[in-house]
Amino acid sequence: MKQNSNTKSRKSTPNKNINPATPSAKSNDGKLKIPNDRMQIIVYLLILTFAFIPTYNHIFDKKIAFLGDNANYYVFGKAIAHGDGYVNAHVVEQTKVNSFPPGYSFFIAATMKVFGEDITTIKIANGVLFYFSLVILFFFFRQISKSTHLSFVLTLVMLFNYYLLQYSTWMMSEIPFIFFSSIALLALTKINTDIAPWKNYWFFLMIFAIVYSYHIRSQGIALFGGVFVYYLSQKNWKYLASTFIGFVALIIPWYLRNSSLGGSPYEAALKYKNYYDRAQGEMSGIGDWMNRFTENFSRYMTSEIPASLFGNQPDYEAGSWMAGILILALVGFGIYKMKKYQIAIAGYILATFAILMIWPPVWTGIRFMLPIVPLLIFLFFYGIYSLILVGLTFLKIDLTKAERVLPYFFLIFIFVLFPKIKSLNEESKKYIEPLYKNYFAMANWTKNNLPEDVIILCRKPMLFHLYSDHFVQGIVKIDDPDEALAKMKEEHYTHIVIYGDGLSQKYFIPLYNKYPEKFPVIQKLSNPDVYLMEIKY
């Protein structure tokens, strides 16, 4: 009779948050606790590890990414490692950097000090951070879902996400940001607020991780906002005040330094209607900001949010409102079913999108929303999972086995992602484009054949600097030939590299046509053509 009574009680009051693998999911005081399934966790982490290693090796791309930012991070990190400080080592003046927060460059510098300066080593270090991000997220998802099975399956799904894998092989700040923000979120769930914040090491870890995230990408202020709103909703004044004071105190030095240098160029870019065509003018009035918000909102909803989850290229011509709305609806339902910490996570996601809505529309792509993609993936599937459980409850079906078995059905989604893994592998095997092969070869030629004090004008100057070690500057963007030549003479530029089309031709050809004798070719690489010219005044 006692056994039947227990069974009846368990069926009549199913708890969807209890992991059925554990006989007792409540402590003596009635509070929900995380199940003690250590062996299961060990097995899952081993599976995750043995899935990660061959997958990462399969898609790893040794080639430098043709993104100016990844070269910037490397050059800045190298300057720190050499003891020169956080400076623009590629220019003669060695000016202080204010274009990027210092967090990722410091990580690169630390990696260089321990493992050397090879670019491949830095790329692998990002892969290591991606692996540990997955481990941390597994424990974070377990904290908020109370399901070890579901947390493992969805972490495994994330391992095969096209964009997360792609960025894990690039020298970019997105993966390090995910790593430290994941630490902050996990630490938040571990904090016992009965203990004063100044006595709680989890609280100090959370503050450190939030601050370091901010120093990697200023988007980290959204993470702070989510935690701040969470403690505000809890009316936990001690932790609210401590979070605010700790965050502000630790970002003030960088803020003051950056302000003294004129602020970040990225912040200044917000005021232009089109950062790359400033002739369109600056933002003025609520109408311009509403147009920007509408354009960004439409792009993210119809193209970039669906693409980020499924690994597709964003379709800006035929995006689907239905797909975006459905995804966000399931994400919202997943947040609702979390119960605890939902304010923090919802606040973090909403604050991130609030920032993205005012971002210049010309900056498109998954990159800017990548830091919250792991959360969107988890919440999307957690929303589906919770919806199914609601349906089973409505049908009066026992949830005990469903909660154990249902998560494994999401493994099917991995097979949807496999074609994207194949494309990453194919990209990693491709040879460098002939144009860039010649461009880098020209940079190497200058390294071996030109004096150290030359100053070279070129497109993508940071990438050229990586292989030349010479001082570089971008193409002088002045339409009038005489003004352009006067600017070059004033700045003591000595050489110019011309290749391809676009900006190089737009600004240089009128100057060259008027003064061809001032730009003798001293080196040329063919198929395709890359020219190195000396500048004679």
# chains A, B, ... in the order shown; residues from 1 in each chain; ligands from 1
call {"tool": "select_by_dssp", "arguments": {"residues": "stretch 51-264 of chain A", "states": "helix (DSSP H, G or I)", "output": "VMD selection string"}}
result
chain A and resid 51 to 59 68 to 81 103 to 115 119 to 145 148 to 159 162 to 168 174 to 190 197 to 199 201 to 216 220 to 233 237 to 260
call {"tool": "residues_around", "arguments": {"residues": "A:Thr95", "least_positions_apart": "6", "cutoff": "10 Å", "atoms": "only C-alpha atoms", "output": "PDB file with N, CA and C atoms, in the first residue's frame"}}
result
ATOM      1  N   GLY A  85      53.460  47.885 -24.383  1.00  0.00           N
ATOM      2  CA  GLY A  85      52.192  48.417 -23.929  1.00  0.00           C
ATOM      3  C   GLY A  85      51.083  48.176 -24.941  1.00  0.00           C
ATOM      4  N   TYR A  86      49.902  48.694 -24.626  1.00  0.00           N
ATOM      5  CA  TYR A  86      48.750  48.513 -25.511  1.00  0.00           C
ATOM      6  C   TYR A  86      48.759  49.632 -26.541  1.00  0.00           C
ATOM      7  N   VAL A  87      49.574  49.431 -27.583  1.00  0.00           N
ATOM      8  CA  VAL A  87      49.823  50.498 -28.555  1.00  0.00           C
ATOM      9  C   VAL A  87      49.626  49.986 -29.979  1.00  0.00           C
ATOM     10  N   ASN A  88      49.463  50.938 -30.892  1.00  0.00           N
ATOM     11  CA  ASN A  88      49.393  50.637 -32.320  1.00  0.00           C
ATOM     12  C   ASN A  88      50.814  50.456 -32.845  1.00  0.00           C
ATOM     13  N   ALA A  89      51.319  49.251 -32.750  1.00  0.00           N
ATOM     14  CA  ALA A  89      52.710  48.980 -33.098  1.00  0.00           C
ATOM     15  C   ALA A  89      52.970  49.088 -34.592  1.00  0.00           C
ATOM     16  N   LEU A 261      41.648  59.639 -24.865  1.00  0.00           N
ATOM     17  CA  LEU A 261      42.137  59.442 -26.232  1.00  0.00           C
ATOM     18  C   LEU A 261      41.065  59.754 -27.274  1.00  0.00           C
TER      19      LEU A 261
END
call {"tool": "atom_distance", "arguments": {"atom1": "atom CA of A:Lys518", "atom2": "atom CA of A:Lys536"}}
result
4.7 Å
call {"tool": "atom_distance", "arguments": {"atom1": "atom CA of A:Met206", "atom2": "atom CA of A:Ile372"}}
result
17.3 Å
call {"tool": "atom_distance", "arguments": {"atom1": "atom CA of A:Tyr56", "atom2": "atom CA of A:Ile377"}}
result
19.6 Å
call {"tool": "residues_around", "arguments": {"residues": "A:Ser428", "least_positions_apart": "4", "cutoff": "8 Å", "atoms": "only C-alpha atoms", "output": "compact mmCIF listing (two decimals) with N, CA and C atoms, in the first residue's frame"}}
result
# COMPACT_ATOMS: atom_id res chain seq x y z
N ILE A 59 37.80 20.62 -38.85
CA ILE A 59 37.42 21.90 -39.45
C ILE A 59 38.47 22.98 -39.26
N PHE A 60 39.54 22.68 -38.54
CA PHE A 60 40.53 23.71 -38.20
C PHE A 60 41.18 24.28 -39.46
N ASP A 61 41.19 25.60 -39.54
CA ASP A 61 41.71 26.31 -40.71
C ASP A 61 42.95 27.10 -40.28
N LYS A 62 44.10 26.73 -40.82
CA LYS A 62 45.35 27.39 -40.45
C LYS A 62 45.51 28.76 -41.10
N LYS A 63 44.75 29.01 -42.13
CA LYS A 63 44.90 30.28 -42.86
C LYS A 63 44.44 31.45 -42.00
N LEU A 424 32.79 23.56 -43.62
CA LEU A 424 33.92 24.12 -42.88
C LEU A 424 35.20 23.37 -43.18
call {"tool": "residues_around", "arguments": {"residues": "A:Phe138", "least_positions_apart": "4", "cutoff": "9 Å", "atoms": "only C-alpha atoms", "output": "JSON, numbers by chain"}}
result
{"A": [45, 133, 134, 142, 143, 148, 151, 152, 154, 155, 156]}
call {"tool": "write_last_selection", "arguments": {"atoms": "all heavy atoms", "output": "CSV table (one decimal), in the first residue's frame"}}
result
chain,number,residue,atom,x,y,z
A,45,LEU,N,30.8,14.3,-20.0
A,45,LEU,CA,31.9,15.2,-20.4
A,45,LEU,C,33.0,14.4,-21.2
A,45,LEU,O,33.6,15.0,-22.1
A,45,LEU,CB,32.6,15.7,-19.1
A,45,LEU,CG,31.8,16.7,-18.3
A,45,LEU,CD1,32.5,17.1,-17.0
A,45,LEU,CD2,31.4,17.9,-19.1
A,133,SER,N,34.3,26.5,-22.9
A,133,SER,CA,33.0,27.2,-22.9
A,133,SER,C,31.8,26.2,-22.9
A,133,SER,O,30.8,26.4,-22.2
A,133,SER,CB,32.8,28.2,-24.1
A,133,SER,OG,33.8,29.2,-24.0
A,134,LEU,N,32.0,25.2,-23.7
A,134,LEU,CA,31.0,24.1,-23.8
A,134,LEU,C,30.8,23.4,-22.4
A,134,LEU,O,29.7,23.1,-22.0
A,134,LEU,CB,31.3,23.1,-24.9
A,134,LEU,CG,31.3,23.6,-26.3
A,134,LEU,CD1,31.8,22.6,-27.3
A,134,LEU,CD2,29.8,24.0,-26.7
A,142,ARG,N,22.6,22.9,-16.8
A,142,ARG,CA,22.1,21.9,-15.8
A,142,ARG,C,21.6,22.7,-14.6
A,142,ARG,O,20.6,22.2,-13.9
A,142,ARG,CB,23.3,21.0,-15.4
A,142,ARG,CG,23.0,19.9,-14.4
A,142,ARG,CD,24.2,19.0,-14.3
A,142,ARG,NE,24.0,18.0,-13.2
A,142,ARG,CZ,24.4,18.2,-12.0
A,142,ARG,NH1,25.0,19.3,-11.6
A,142,ARG,NH2,24.2,17.2,-11.1
A,143,GLN,N,22.2,23.8,-14.2
A,143,GLN,CA,21.7,24.6,-13.1
A,143,GLN,C,20.3,25.1,-13.3
A,143,GLN,O,19.5,25.2,-12.4
A,143,GLN,CB,22.7,25.7,-12.8
A,143,GLN,CG,24.0,25.3,-12.1
A,143,GLN,CD,23.8,24.9,-10.7
A,143,GLN,OE1,24.1,23.8,-10.3
A,143,GLN,NE2,23.4,25.9,-9.9
A,148,THR,N,20.2,16.9,-16.3
A,148,THR,CA,21.6,16.6,-16.8
A,148,THR,C,21.5,16.1,-18.3
A,148,THR,O,22.4,16.4,-19.1
A,148,THR,CB,22.2,15.6,-15.9
A,148,THR,OG1,22.3,16.0,-14.6
A,148,THR,CG2,23.7,15.3,-16.4
A,151,SER,N,20.8,19.0,-20.7
A,151,SER,CA,22.0,19.9,-20.8
A,151,SER,C,23.1,19.3,-21.6
A,151,SER,O,23.7,20.0,-22.4
A,151,SER,CB,22.4,20.2,-19.4
A,151,SER,OG,21.4,20.8,-18.6
A,152,PHE,N,23.3,18.0,-21.5
A,152,PHE,CA,24.4,17.4,-22.2
A,152,PHE,C,24.0,17.4,-23.7
A,152,PHE,O,24.8,17.8,-24.6
A,152,PHE,CB,24.6,16.0,-21.8
A,152,PHE,CG,25.3,15.1,-22.8
A,152,PHE,CD1,26.6,15.3,-23.1
A,152,PHE,CD2,24.6,14.1,-23.5
A,152,PHE,CE1,27.2,14.5,-24.0
A,152,PHE,CE2,25.2,13.3,-24.4
A,152,PHE,CZ,26.5,13.5,-24.7
A,154,LEU,N,22.0,19.3,-25.5
A,154,LEU,CA,22.0,20.6,-26.2
A,154,LEU,C,23.4,21.2,-26.2
A,154,LEU,O,23.7,22.0,-27.1
A,154,LEU,CB,21.0,21.5,-25.4
A,154,LEU,CG,19.6,21.1,-25.5
A,154,LEU,CD1,18.7,22.2,-24.9
A,154,LEU,CD2,19.2,20.8,-26.9
A,155,THR,N,24.3,20.9,-25.3
A,155,THR,CA,25.7,21.3,-25.4
A,155,THR,C,26.3,20.6,-26.5
A,155,THR,O,27.1,21.2,-27.3
A,155,THR,CB,26.4,21.0,-24.1
A,155,THR,OG1,25.7,21.6,-23.0
A,155,THR,CG2,27.8,21.5,-24.1
A,156,LEU,N,26.0,19.3,-26.7
A,156,LEU,CA,26.6,18.6,-27.9
A,156,LEU,C,26.1,19.2,-29.2
A,156,LEU,O,26.9,19.3,-30.2
A,156,LEU,CB,26.2,17.1,-27.8
A,156,LEU,CG,26.9,16.1,-28.6
A,156,LEU,CD1,28.4,16.1,-28.3
A,156,LEU,CD2,26.3,14.7,-28.5
call {"tool": "closest_residue", "arguments": {"among": "A:Ile216, A:Leu185, A:Ile80, A:Ile251", "to": "A:Ser173", "atoms": "only C-alpha atoms"}}
result
A:Ile216
